[in-house]
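Some notes on the structure that comes next.
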2 protein chains.
Amino acid sequence: MRTIDWDEDRAAVRLIDQTRLPAEYEVVYCERVDELIAAIKELKVRGAPALGVAGALGVVLACKSASKGEIERAVMKLKEARPTAVNLFYGIDRAYRAAKRGKTPEEMEELALAEANRLIEEDIAVNRKIGDYGSVLLEDGDVVLTHCNAGRLACVEWGTALGVIRAAILQGKHIEVIACETRPLNQGSRLTTWELMQDKIPVTLITDSMSAVVMRGGMVNKVIVGADRVVKEGVINKIGTYMHAVLAKEHGIPFYVAAPTSSFDLEHGYEDIEIEERSPEELVYCGDTQIAPADVRVYNPAFDFTPFELIEALITEKGVFHTPIKLI
Amino acid sequence: MRTIDWDEDRAAVRLIDQTRLPAEYEVVYCERVDELIAAIKELKVRGAPALGVAGALGVVLACKSASKGEIERAVMKLKEARPTAVNLFYGIDRAYRAAKRGKTPEEMEELALAEANRLIEEDIAVNRKIGDYGSVLLEDGDVVLTHCNAGRLACVEWGTALGVIRAAILQGKHIEVIACETRPLNQGSRLTTWELMQDKIPVTLITDSMSAVVMRGGMVNKVIVGADRVVKEGVINKIGTYMHAVLAKEHGIPFYVAAPTSSFDLEHGYEDIEIEERSPEELVYCGDTQIAPADVRVYNPAFDFTPFELIEALITEKGVFHTPIKLI
């Protein structure tokens with residue numbers, strides 16, 4: 001099943017609830033835009049490309065409102081669901097621009113849906129292209145370290161970083177993966193391991209703090225991660241990415257980023273971007289288990305910035321940009 | 001209360017159950033050596049210096065056996081409780097050497113207890129000395145990053161790395177701490193934050209993967225950690241230590257290790273040392289919450305090795321060894 005899609009019968013957004021994996025596989029339906037906004041905030045759907053699709057499908061739901069003014073307000077609210085991944089805004093903008101060509105809310109909904117469906121098909125095609133281009137960088141026998149989840153669960157299907165690995169495996173190369181658990185929300189241990197095991201791709205789980213020792217020990221020879229936003233001087237991605245990039249450089253291991261050009265925001269530098277700070281609760285509790293004093297002070301940025309100097313190549317659907325990366 | 005001590009009334013080892021903190025503060029009593037071995041394995045008591053005391057007190061419990069043969073077997077079993085921290089063996093050896101001067105099990109128990117009590121008093125004195133020497137390295141206004149728990153909960157009281165911070169604060173310096181949560185068992189979030197908050201020392205909790213961004217962002221200007229074993233070429237300490245050391249060097253931040261000379265094992269190189277690999281469960285579950293597929297392959301070393309080249313100074317009760325560190 002696709003990570004996120006439009007359900008014709010229910011006229012709703014259908015998505016895999018990623019907060020329940022791997023213990024439970026549950027599909028949820030959002031019939032109203034506020035339900036989808038809540039799902040985005042709670043990370044039931046996450047990952048830059050999937051957020052692009054969520055944004056576009058959110059506009060479809062917004063068009064169920066009675067008036068253009070209400071639709072506009074719903075779209076604005078949707079844009080505030082999460083601040084860092086540019087794809088959310090990209091998907092919203094594309095679908096809303098299409099919708100505004102309609103005269104009635106019904107027409108607007110139809111036009112937004114057509115655009116959202118195009119975005120979905122594009123995401124799949126773009127992922128495949130990223131895989132094709134990126135797979136050239138992987139050799140038979142490689143062990144690839146990845147952080148967070150830049151797999152099919154972060155997209156519609158296939159994936160960006162994990163799409164590169166899937167493409168290399170399709171070419172007959174033997175590739176293994178080391179997945180960092182990705183604190184504090186464990187997208188690596190919950191999602192990356194799960195989707196790779198579903199595909200029978202060999203994967204070993206480690207804590208984020210072990211990447212340096214697996215690099216030094218020769219247990220890994222490439223790193224591939226995704227990106228939430230590509231800016232002028234580098235990439236913004238899940239917290240921990242910068243650390244892995246520094247460690248990879250120190251140990252002579254190539255560090256790759258795989259991302260669609262829809263994640264590009266080359267008009268901005270990293271200092272212009274709002275890095276989402278999430279709730280202290282994410283470090284104080286793990287499920288129902290308390291793992292820190294309830295009133296402890298917490299610093300919990302969801303993303304960090306990695307400069308191009310630390311990135312060997314940026315893999316996109318338009319080709320591979322090798323170091324020294326200069327996009328503008 | 002001391003982290004670990006002898007309870008005269010109950011003729012038992014009394015310890016704070018560190019697996020229950022910070023949600024619950026519970027004191028447990030081990031009257032038999034196998035109870036203490038279980039407590040060590042389950043990390044109810046942990047931290048190199050505290051394990052030294054546990055080892056010595058374990059010999060006292062072993063001496064409750066009926067014969068010298070049984071005592072010997074119990075001591076051997078105690079030595080196998082955990083493989084990496086040298087202090088456990090050090091504590092056992094000291095108490096058992098003392099015990100063997102006794103003729104009857106009763107005499108042996110008495111001699112072992114006297115030696116264990118000396119070890120307890122020494123640990124406190126040694127911690128204070130480490131604090132005195134190390135505090136010179138800290139300046140008013142410093143923000144110190146630490147990993148795992150090298151505090152009073154890792155010792156009898158006071159602490160090694162955190163003892164240095166406590167000593168600097170006693171001198172009137174304003175020091176703040178950034179505690180890394182220390183996956184997978186969260187000794188940083190569960191224990192370090194808890195004991196610092198008890199002492200009203202300002203502390204901020206981060207995930208291990210955030211240390212690089214707090215270093216780059218100028219939010220921290222020193223790193224101090226403890227050590228489970230100091231070998232010829234460097235230190236063995238909690239997994240993640242090596243990563244922080246590489247990152248500190250990259251960001252021009254001094255990286256200090258505080259450890260008593262009882263952690264020294266200079267006859268061995270790091271390749272001689274067995275690095276404990278712990279259960280995959282530690283990464284698959286957090287309390288009752290499943291955070292990874294039950295059958296995922298896991299790599300879970302409890303410690304890593306950091307070479308002296310990455311360490312600015314080694315703080316001991318005998319003084320500070322500055323870089324280039326040469327102990328032999």
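FYI, nothing fancy with the structure tokens labels: chains A, B, ... in order, residues from 1 per chain, ligands from 1 as they appear.
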
Counting only C-alpha atoms, give me one row per residue of chain A with an atom at most 6 Å from an atom of chain B, showing the shortest contact pair and its distance in Å to one decimal, sorted by chain then residue number, as a Markdown table.
```
| residue | atom | partner | partner_atom | distance |
| --- | --- | --- | --- | --- |
| A:Pro22 | CA | B:Pro293 | CA | 5.7 |
| A:Ser189 | CA | B:Ala292 | CA | 4.8 |
| A:Arg190 | CA | B:Ala292 | CA | 4.7 |
| A:Thr204 | CA | B:Arg297 | CA | 4.9 |
| A:Leu205 | CA | B:Val298 | CA | 4.7 |
| A:Ile206 | CA | B:Tyr299 | CA | 5.6 |
| A:Ser209 | CA | B:Gly240 | CA | 4.5 |
| A:Ala212 | CA | B:Met243 | CA | 5.3 |
| A:Gly240 | CA | B:Ser209 | CA | 4.5 |
| A:Met243 | CA | B:Ala212 | CA | 5.4 |
| A:Gly287 | CA | B:Thr289 | CA | 5.5 |
| A:Thr289 | CA | B:Gly287 | CA | 5.5 |
| A:Ile291 | CA | B:Arg190 | CA | 5.4 |
| A:Ala292 | CA | B:Arg190 | CA | 4.7 |
| A:Pro293 | CA | B:Pro22 | CA | 5.7 |
| A:Arg297 | CA | B:Thr204 | CA | 4.9 |
| A:Val298 | CA | B:Leu205 | CA | 4.7 |
| A:Tyr299 | CA | B:Ile206 | CA | 5.6 |
```

Expected file: the selected residues, all heavy atoms, as a compact mmCIF listing (two decimals), in the first residue's frame:
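Output (result05.txt):
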```txt
# COMPACT_ATOMS: atom_id res chain seq x y z
N PRO A 22 6.56 -0.18 14.63
CA PRO A 22 6.31 -1.44 13.95
C PRO A 22 5.35 -2.35 14.72
O PRO A 22 5.02 -3.42 14.23
CB PRO A 22 7.70 -2.08 13.93
CG PRO A 22 8.31 -1.62 15.22
CD PRO A 22 7.75 -0.24 15.49
N SER A 189 14.59 3.06 13.90
CA SER A 189 14.31 1.72 14.45
C SER A 189 12.87 1.30 14.17
O SER A 189 12.59 0.12 13.97
CB SER A 189 14.61 1.67 15.95
OG SER A 189 13.87 2.62 16.67
N ARG A 190 11.95 2.26 14.13
CA ARG A 190 10.54 1.91 13.93
C ARG A 190 10.20 1.71 12.46
O ARG A 190 9.45 0.80 12.11
CB ARG A 190 9.63 2.98 14.53
CG ARG A 190 9.67 3.04 16.06
CD ARG A 190 8.56 3.90 16.64
NE ARG A 190 8.59 5.25 16.12
CZ ARG A 190 7.79 5.74 15.19
NH1 ARG A 190 6.85 4.97 14.67
NH2 ARG A 190 7.92 6.98 14.77
N THR A 204 20.82 -3.91 9.99
CA THR A 204 21.25 -4.00 11.38
C THR A 204 20.94 -2.67 12.07
O THR A 204 21.27 -1.61 11.54
CB THR A 204 22.77 -4.28 11.47
OG1 THR A 204 23.05 -5.49 10.77
CG2 THR A 204 23.21 -4.42 12.92
N LEU A 205 20.33 -2.76 13.22
CA LEU A 205 19.95 -1.56 13.97
C LEU A 205 21.05 -1.20 14.98
O LEU A 205 21.57 -2.06 15.68
CB LEU A 205 18.64 -1.84 14.71
CG LEU A 205 18.12 -0.76 15.67
CD1 LEU A 205 17.78 0.52 14.91
CD2 LEU A 205 16.89 -1.28 16.43
N ILE A 206 21.39 0.10 15.03
CA ILE A 206 22.33 0.60 16.04
C ILE A 206 21.76 1.87 16.67
O ILE A 206 20.84 2.48 16.13
CB ILE A 206 23.74 0.90 15.46
CG1 ILE A 206 23.68 2.02 14.41
CG2 ILE A 206 24.38 -0.35 14.89
CD1 ILE A 206 25.05 2.52 13.95
N SER A 209 24.59 6.86 18.50
CA SER A 209 25.92 7.08 19.08
C SER A 209 26.93 6.02 18.65
O SER A 209 28.10 6.10 19.01
CB SER A 209 25.81 7.08 20.61
OG SER A 209 25.33 5.83 21.05
N ALA A 212 30.02 6.26 14.85
CA ALA A 212 31.47 6.48 14.80
C ALA A 212 32.22 5.16 14.92
O ALA A 212 33.21 4.94 14.21
CB ALA A 212 31.89 7.44 15.92
N GLY A 240 20.95 14.91 13.83
CA GLY A 240 21.89 13.79 13.82
C GLY A 240 22.62 13.67 12.50
O GLY A 240 23.71 13.10 12.43
N MET A 243 26.06 15.34 12.54
CA MET A 243 27.00 14.50 13.29
C MET A 243 27.53 13.36 12.42
O MET A 243 28.74 13.14 12.33
CB MET A 243 26.26 13.94 14.50
CG MET A 243 26.91 12.75 15.16
SD MET A 243 25.80 12.01 16.40
CE MET A 243 24.92 10.81 15.39
N GLY A 287 6.95 6.12 24.91
CA GLY A 287 5.69 5.46 25.19
C GLY A 287 5.24 5.89 26.57
O GLY A 287 5.23 7.08 26.88
N THR A 289 6.84 4.95 29.30
CA THR A 289 7.97 4.84 30.21
C THR A 289 8.65 6.19 30.39
O THR A 289 9.03 6.84 29.42
CB THR A 289 9.00 3.83 29.65
OG1 THR A 289 8.32 2.60 29.41
CG2 THR A 289 10.14 3.61 30.64
N ILE A 291 11.71 8.37 31.11
CA ILE A 291 13.16 8.16 31.01
C ILE A 291 13.95 9.40 31.41
O ILE A 291 15.17 9.44 31.23
CB ILE A 291 13.58 7.68 29.60
CG1 ILE A 291 13.02 8.60 28.51
CG2 ILE A 291 13.13 6.24 29.36
CD1 ILE A 291 13.54 8.29 27.11
N ALA A 292 13.27 10.41 31.96
CA ALA A 292 13.97 11.60 32.47
C ALA A 292 13.05 12.27 33.49
O ALA A 292 11.84 12.04 33.47
CB ALA A 292 14.30 12.56 31.33
N PRO A 293 13.64 13.10 34.38
CA PRO A 293 12.77 13.82 35.33
C PRO A 293 11.74 14.65 34.56
O PRO A 293 12.06 15.26 33.53
CB PRO A 293 13.75 14.71 36.08
CG PRO A 293 15.08 14.02 35.96
CD PRO A 293 15.07 13.39 34.60
N ARG A 297 14.94 20.46 31.91
CA ARG A 297 15.04 21.36 30.76
C ARG A 297 15.55 20.54 29.57
O ARG A 297 16.50 19.75 29.72
CB ARG A 297 16.02 22.49 31.10
CG ARG A 297 16.06 23.60 30.09
CD ARG A 297 16.79 24.80 30.65
NE ARG A 297 18.20 24.49 30.90
CZ ARG A 297 19.04 25.30 31.54
NH1 ARG A 297 18.63 26.47 32.01
NH2 ARG A 297 20.29 24.95 31.73
N VAL A 298 14.92 20.72 28.42
CA VAL A 298 15.26 19.92 27.24
C VAL A 298 15.51 20.84 26.05
O VAL A 298 14.82 21.84 25.89
CB VAL A 298 14.09 18.94 26.91
CG1 VAL A 298 14.33 18.24 25.57
CG2 VAL A 298 13.92 17.91 28.01
N TYR A 299 16.49 20.50 25.25
CA TYR A 299 16.69 21.16 23.94
C TYR A 299 16.37 20.10 22.89
O TYR A 299 17.00 19.04 22.88
CB TYR A 299 18.13 21.66 23.84
CG TYR A 299 18.50 22.27 22.51
CD1 TYR A 299 17.77 23.34 21.98
CD2 TYR A 299 19.58 21.78 21.77
CE1 TYR A 299 18.12 23.90 20.76
CE2 TYR A 299 19.94 22.35 20.55
CZ TYR A 299 19.20 23.41 20.06
OH TYR A 299 19.54 23.95 18.84
```

Which of these, B:Val126, B:Ala313, B:Ile201, B:Leu15, has the shortest distance to B:Gly234 once you count only C-alpha atoms?
-> B:Ala313

Per DSSP on the backbone, filter stretch 163-266 of chain A down to the residues in strand (DSSP E) and report them as a PyMOL selection string.
-> chain A and resi 176-180+203-206+222-225+229-231+234-238+255-258

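Minimum atom-to-atom distance to A:Ala116, evaluated using only C-alpha atoms, belongs to A:Leu57 out of A:Val136, A:Leu57, A:Ile71, A:Val230.
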
Stretch 147-160 of chain B surroundings by only C-alpha atoms, 6 Å radius, close-in-sequence under 5 positions cut, as an mmCIF file with N, CA, C and O atoms, in the first residue's frame:
```cif
data_model
loop_
_atom_site.group_PDB
_atom_site.id
_atom_site.type_symbol
_atom_site.label_atom_id
_atom_site.label_comp_id
_atom_site.auth_asym_id
_atom_site.auth_seq_id
_atom_site.Cartn_x
_atom_site.Cartn_y
_atom_site.Cartn_z
ATOM 1 N N ARG B 2 24.323 7.029 50.244
ATOM 2 C CA ARG B 2 25.352 6.539 49.346
ATOM 3 C C ARG B 2 24.733 5.632 48.279
ATOM 4 O O ARG B 2 23.754 4.919 48.540
ATOM 5 N N THR B 3 25.344 5.637 47.114
ATOM 6 C CA THR B 3 24.876 4.815 45.996
ATOM 7 C C THR B 3 24.919 3.340 46.367
ATOM 8 O O THR B 3 24.011 2.578 46.056
ATOM 9 N N ILE B 4 26.004 2.961 47.041
ATOM 10 C CA ILE B 4 26.170 1.567 47.471
ATOM 11 C C ILE B 4 26.926 1.581 48.790
ATOM 12 O O ILE B 4 27.831 2.400 48.985
ATOM 13 N N ARG B 46 25.763 0.414 38.716
ATOM 14 C CA ARG B 46 26.624 0.515 37.535
ATOM 15 C C ARG B 46 27.560 1.701 37.748
ATOM 16 O O ARG B 46 27.447 2.418 38.743
ATOM 17 N N GLY B 47 28.488 1.885 36.815
ATOM 18 C CA GLY B 47 29.499 2.931 36.980
ATOM 19 C C GLY B 47 30.752 2.268 37.520
ATOM 20 O O GLY B 47 30.687 1.511 38.499
ATOM 21 N N PRO B 49 33.519 3.068 39.357
ATOM 22 C CA PRO B 49 33.909 3.069 40.780
ATOM 23 C C PRO B 49 32.897 2.327 41.666
ATOM 24 O O PRO B 49 33.293 1.573 42.570
ATOM 25 N N ALA B 50 31.615 2.483 41.388
ATOM 26 C CA ALA B 50 30.601 1.777 42.185
ATOM 27 C C ALA B 50 30.716 0.269 41.995
ATOM 28 O O ALA B 50 30.485 -0.510 42.930
ATOM 29 N N ASN B 127 37.433 10.584 44.748
ATOM 30 C CA ASN B 127 36.501 11.450 44.006
ATOM 31 C C ASN B 127 36.747 12.915 44.331
ATOM 32 O O ASN B 127 36.768 13.781 43.455
ATOM 33 N N CYS B 180 23.850 14.302 27.710
ATOM 34 C CA CYS B 180 23.394 13.485 26.576
ATOM 35 C C CYS B 180 22.624 12.292 27.139
ATOM 36 O O CYS B 180 23.068 11.669 28.099
ATOM 37 N N THR B 182 22.224 9.262 26.334
ATOM 38 C CA THR B 182 23.005 8.027 26.442
ATOM 39 C C THR B 182 22.183 6.780 26.179
ATOM 40 O O THR B 182 21.793 6.038 27.090
ATOM 41 N N GLN B 187 21.254 6.382 30.730
ATOM 42 C CA GLN B 187 21.849 6.778 32.014
ATOM 43 C C GLN B 187 21.970 8.301 32.120
ATOM 44 O O GLN B 187 21.916 8.851 33.201
ATOM 45 N N GLY B 188 22.138 8.964 30.976
ATOM 46 C CA GLY B 188 22.227 10.427 30.996
ATOM 47 C C GLY B 188 20.902 11.061 31.361
ATOM 48 O O GLY B 188 20.833 11.929 32.243
ATOM 49 N N THR B 192 21.949 11.225 35.286
ATOM 50 C CA THR B 192 22.734 12.463 35.371
ATOM 51 C C THR B 192 21.830 13.665 35.610
ATOM 52 O O THR B 192 22.102 14.489 36.490
ATOM 53 N N VAL B 225 33.857 13.394 30.594
ATOM 54 C CA VAL B 225 33.220 12.089 30.778
ATOM 55 C C VAL B 225 34.041 11.268 31.765
ATOM 56 O O VAL B 225 35.154 11.655 32.129
ATOM 57 N N GLY B 226 33.510 10.127 32.174
ATOM 58 C CA GLY B 226 34.239 9.195 33.021
ATOM 59 C C GLY B 226 34.949 8.154 32.173
ATOM 60 O O GLY B 226 35.121 8.332 30.965
ATOM 61 N N ALA B 258 37.675 12.000 33.378
ATOM 62 C CA ALA B 258 37.940 11.964 34.820
ATOM 63 C C ALA B 258 37.783 10.533 35.308
ATOM 64 O O ALA B 258 36.719 9.935 35.135
#
```

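The space separating atom CA of B:Lys68 from atom CA of B:Arg97 comes to 13.0 Å.
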
Selection near stretch 99-111 of chain B, 8 Å with only C-alpha atoms, sequence-local residues under 4 positions removed, as a PDB file with N, CA and C atoms, in the first residue's frame:
```pdb
ATOM      1  N   VAL B  59      32.443  -9.895  47.729  1.00  0.00           N
ATOM      2  CA  VAL B  59      33.323 -10.866  48.385  1.00  0.00           C
ATOM      3  C   VAL B  59      32.859 -11.085  49.832  1.00  0.00           C
ATOM      4  N   VAL B  60      32.418 -10.021  50.498  1.00  0.00           N
ATOM      5  CA  VAL B  60      31.890 -10.154  51.868  1.00  0.00           C
ATOM      6  C   VAL B  60      30.709 -11.126  51.865  1.00  0.00           C
ATOM      7  N   LEU B  61      29.801 -10.940  50.893  1.00  0.00           N
ATOM      8  CA  LEU B  61      28.639 -11.842  50.808  1.00  0.00           C
ATOM      9  C   LEU B  61      29.083 -13.267  50.489  1.00  0.00           C
ATOM     10  N   CYS B  63      31.715 -14.680  51.412  1.00  0.00           N
ATOM     11  CA  CYS B  63      32.314 -15.281  52.611  1.00  0.00           C
ATOM     12  C   CYS B  63      31.255 -15.827  53.574  1.00  0.00           C
ATOM     13  N   LYS B  64      29.983 -15.561  53.282  1.00  0.00           N
ATOM     14  CA  LYS B  64      28.923 -16.177  54.088  1.00  0.00           C
ATOM     15  C   LYS B  64      28.772 -17.666  53.766  1.00  0.00           C
ATOM     16  N   SER B  65      29.470 -18.126  52.713  1.00  0.00           N
ATOM     17  CA  SER B  65      29.380 -19.537  52.342  1.00  0.00           C
ATOM     18  C   SER B  65      30.054 -20.404  53.401  1.00  0.00           C
ATOM     19  N   ALA B  66      29.777 -21.722  53.313  1.00  0.00           N
ATOM     20  CA  ALA B  66      30.219 -22.634  54.362  1.00  0.00           C
ATOM     21  C   ALA B  66      31.701 -22.981  54.281  1.00  0.00           C
ATOM     22  N   SER B  67      32.255 -23.033  53.055  1.00  0.00           N
ATOM     23  CA  SER B  67      33.633 -23.521  52.923  1.00  0.00           C
ATOM     24  C   SER B  67      34.455 -22.594  52.038  1.00  0.00           C
ATOM     25  N   LYS B  68      35.785 -22.735  52.134  1.00  0.00           N
ATOM     26  CA  LYS B  68      36.672 -21.927  51.296  1.00  0.00           C
ATOM     27  C   LYS B  68      36.465 -22.220  49.813  1.00  0.00           C
ATOM     28  N   ALA B  95      39.464  -7.220  48.077  1.00  0.00           N
ATOM     29  CA  ALA B  95      38.735  -7.786  49.223  1.00  0.00           C
ATOM     30  C   ALA B  95      39.067  -9.268  49.413  1.00  0.00           C
ATOM     31  N   GLU B 115      38.209  -4.443  54.344  1.00  0.00           N
ATOM     32  CA  GLU B 115      38.838  -3.969  53.109  1.00  0.00           C
ATOM     33  C   GLU B 115      37.817  -3.225  52.234  1.00  0.00           C
TER      34      GLU B 115
END
```

Have a look at atom CA of A:Lys173 and atom CA of A:Gly134 and let me know their distance in Å, one decimal.
->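 Taking atom CA of A:Lys173 as the start and atom CA of A:Gly134 as the end point, the length is 13.1 Å.
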
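Distance-wise, atom CA of B:Asp7 and atom CA of B:Val27 end up 11.5 Å apart.
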
Taking the chain letters and numbering used in this document, name the residues of stretch 163-220 of chain A that DSSP puts in helix (DSSP H, G or I), as a PyMOL selection string.
-> chain A and resi 163-170+187-198+208-216

Saved selection, atoms kept: N, CA and C atoms, as a short mmCIF file (atom, residue, chain, number, x, y, z; two decimals), in the first residue's frame:
```cif
data_model
loop_
_atom_site.label_atom_id
_atom_site.label_comp_id
_atom_site.auth_asym_id
_atom_site.auth_seq_id
_atom_site.Cartn_x
_atom_site.Cartn_y
_atom_site.Cartn_z
N GLY A 163 15.44 4.29 -1.66
CA GLY A 163 15.17 4.03 -3.08
C GLY A 163 16.45 3.77 -3.84
N VAL A 164 17.50 4.49 -3.49
CA VAL A 164 18.81 4.27 -4.11
C VAL A 164 19.29 2.85 -3.81
N ILE A 165 19.12 2.44 -2.55
CA ILE A 165 19.53 1.09 -2.15
C ILE A 165 18.68 0.04 -2.87
N ARG A 166 17.37 0.26 -2.93
CA ARG A 166 16.49 -0.69 -3.63
C ARG A 166 16.88 -0.82 -5.10
N ALA A 167 17.21 0.33 -5.73
CA ALA A 167 17.57 0.29 -7.15
C ALA A 167 18.86 -0.50 -7.35
N ALA A 168 19.84 -0.29 -6.45
CA ALA A 168 21.11 -1.02 -6.56
C ALA A 168 20.88 -2.52 -6.39
N ILE A 169 19.99 -2.89 -5.48
CA ILE A 169 19.70 -4.31 -5.24
C ILE A 169 19.00 -4.91 -6.47
N LEU A 170 18.09 -4.13 -7.08
CA LEU A 170 17.42 -4.60 -8.30
C LEU A 170 18.42 -4.90 -9.41
N GLN A 187 12.52 7.02 14.19
CA GLN A 187 12.08 6.69 12.82
C GLN A 187 12.98 5.62 12.20
N GLY A 188 14.24 5.59 12.61
CA GLY A 188 15.15 4.57 12.09
C GLY A 188 14.79 3.19 12.59
N SER A 189 14.59 3.06 13.90
CA SER A 189 14.31 1.72 14.45
C SER A 189 12.87 1.30 14.17
N ARG A 190 11.95 2.26 14.13
CA ARG A 190 10.54 1.91 13.93
C ARG A 190 10.20 1.71 12.46
N LEU A 191 10.72 2.58 11.59
CA LEU A 191 10.25 2.62 10.20
C LEU A 191 11.26 2.04 9.20
N THR A 192 12.52 2.48 9.28
CA THR A 192 13.51 2.03 8.30
C THR A 192 13.73 0.52 8.40
N THR A 193 13.94 0.03 9.62
CA THR A 193 14.15 -1.41 9.78
C THR A 193 12.91 -2.17 9.29
N TRP A 194 11.73 -1.65 9.64
CA TRP A 194 10.48 -2.32 9.28
C TRP A 194 10.32 -2.43 7.77
N GLU A 195 10.51 -1.32 7.06
CA GLU A 195 10.27 -1.40 5.62
C GLU A 195 11.35 -2.20 4.90
N LEU A 196 12.59 -2.17 5.40
CA LEU A 196 13.64 -2.97 4.78
C LEU A 196 13.41 -4.46 5.04
N MET A 197 12.98 -4.78 6.27
CA MET A 197 12.71 -6.19 6.57
C MET A 197 11.53 -6.72 5.74
N GLN A 198 10.55 -5.87 5.50
CA GLN A 198 9.43 -6.25 4.62
C GLN A 198 9.95 -6.65 3.24
N ASP A 208 22.23 5.89 17.54
CA ASP A 208 22.88 6.97 16.79
C ASP A 208 24.33 7.13 17.23
N SER A 209 24.59 6.86 18.50
CA SER A 209 25.92 7.08 19.08
C SER A 209 26.93 6.02 18.65
N MET A 210 26.48 5.00 17.92
CA MET A 210 27.40 3.94 17.49
C MET A 210 27.96 4.17 16.09
N SER A 211 27.49 5.20 15.39
CA SER A 211 27.92 5.33 14.00
C SER A 211 29.43 5.51 13.91
N ALA A 212 30.02 6.26 14.85
CA ALA A 212 31.47 6.48 14.80
C ALA A 212 32.22 5.16 14.92
N VAL A 213 31.78 4.27 15.78
CA VAL A 213 32.53 3.01 15.94
C VAL A 213 32.30 2.06 14.78
N VAL A 214 31.12 2.06 14.18
CA VAL A 214 30.95 1.18 13.01
C VAL A 214 31.75 1.74 11.83
N MET A 215 31.87 3.07 11.75
CA MET A 215 32.70 3.66 10.69
C MET A 215 34.17 3.30 10.91
N ARG A 216 34.67 3.50 12.13
CA ARG A 216 36.08 3.20 12.41
C ARG A 216 36.38 1.72 12.21
#
```

Polymer residues at most 6 Å from B:Val13, only C-alpha atoms, same-chain spacing of 6 or more positions, as a list in words |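 Counting only C-alpha atoms, the residues come to Asp5, Trp6, Asp7, Tyr29 and Cys30 of chain B.
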
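Using only C-alpha atoms, the smallest distance between any of A:Met1, A:Gln18, A:Leu138, A:Lys200 and A:Gln171 comes from A:Leu138.
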
Long-range neighbours of A:Asp34 as an NGL selection string, 10 Å cut-off, only C-alpha atoms, 5 positions minimum in chain | :A and (39-40 or 58 or 61-62 or 74 or 77-78 or 81)

Please produce a file of the residues just selected, as a PDB file, in the first residue's frame, where the atoms kept are N, CA, C and O atoms.
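Done, and the output landed in result.pdb:
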```pdb
ATOM      1  N   ALA A  39      -2.770  14.902  11.976  1.00  0.00           N
ATOM      2  CA  ALA A  39      -1.949  13.740  11.586  1.00  0.00           C
ATOM      3  C   ALA A  39      -0.529  14.176  11.216  1.00  0.00           C
ATOM      4  O   ALA A  39       0.447  13.485  11.530  1.00  0.00           O
ATOM      5  N   ILE A  40      -0.394  15.335  10.566  1.00  0.00           N
ATOM      6  CA  ILE A  40       0.935  15.853  10.197  1.00  0.00           C
ATOM      7  C   ILE A  40       1.706  16.260  11.457  1.00  0.00           C
ATOM      8  O   ILE A  40       2.873  15.912  11.627  1.00  0.00           O
ATOM      9  N   GLY A  58      -4.254  17.891   1.292  1.00  0.00           N
ATOM     10  CA  GLY A  58      -4.878  18.764   2.287  1.00  0.00           C
ATOM     11  C   GLY A  58      -5.665  19.879   1.625  1.00  0.00           C
ATOM     12  O   GLY A  58      -6.747  20.264   2.100  1.00  0.00           O
ATOM     13  N   LEU A  61      -8.968  18.556   0.651  1.00  0.00           N
ATOM     14  CA  LEU A  61      -9.887  18.539   1.797  1.00  0.00           C
ATOM     15  C   LEU A  61     -10.357  19.953   2.138  1.00  0.00           C
ATOM     16  O   LEU A  61     -11.535  20.163   2.470  1.00  0.00           O
ATOM     17  N   ALA A  62      -9.449  20.918   2.030  1.00  0.00           N
ATOM     18  CA  ALA A  62      -9.812  22.310   2.332  1.00  0.00           C
ATOM     19  C   ALA A  62     -10.911  22.790   1.393  1.00  0.00           C
ATOM     20  O   ALA A  62     -11.788  23.582   1.783  1.00  0.00           O
ATOM     21  N   ALA A  74      -8.293  27.623   5.576  1.00  0.00           N
ATOM     22  CA  ALA A  74      -7.886  26.233   5.824  1.00  0.00           C
ATOM     23  C   ALA A  74      -6.502  25.962   5.239  1.00  0.00           C
ATOM     24  O   ALA A  74      -5.677  25.272   5.845  1.00  0.00           O
ATOM     25  N   LYS A  77      -3.858  27.455   7.464  1.00  0.00           N
ATOM     26  CA  LYS A  77      -3.676  26.628   8.666  1.00  0.00           C
ATOM     27  C   LYS A  77      -2.835  25.384   8.346  1.00  0.00           C
ATOM     28  O   LYS A  77      -1.971  24.971   9.127  1.00  0.00           O
ATOM     29  N   LEU A  78      -3.091  24.831   7.197  1.00  0.00           N
ATOM     30  CA  LEU A  78      -2.354  23.650   6.742  1.00  0.00           C
ATOM     31  C   LEU A  78      -0.856  23.964   6.623  1.00  0.00           C
ATOM     32  O   LEU A  78       0.003  23.154   6.983  1.00  0.00           O
ATOM     33  N   ALA A  81       1.299  23.592   9.776  1.00  0.00           N
ATOM     34  CA  ALA A  81       1.355  22.300  10.471  1.00  0.00           C
ATOM     35  C   ALA A  81       2.790  21.956  10.887  1.00  0.00           C
ATOM     36  O   ALA A  81       3.030  21.517  12.003  1.00  0.00           O
TER      37      ALA A  81
END
```

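The closest residue to B:Glu80, picked from B:Glu274, B:Glu139, B:Glu282, B:Glu31 and counting only C-alpha atoms, is B:Glu274.
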
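Close contacts of A:Lys79, defined as residues with an atom at most 9 Å away when counting only C-alpha atoms, with chain neighbours fewer than 3 positions off set aside, comprise Ile37, Gly55, Ala74, Val75, Met76, Arg82, Pro83, Leu88, Phe89 and Ile92 of chain A.
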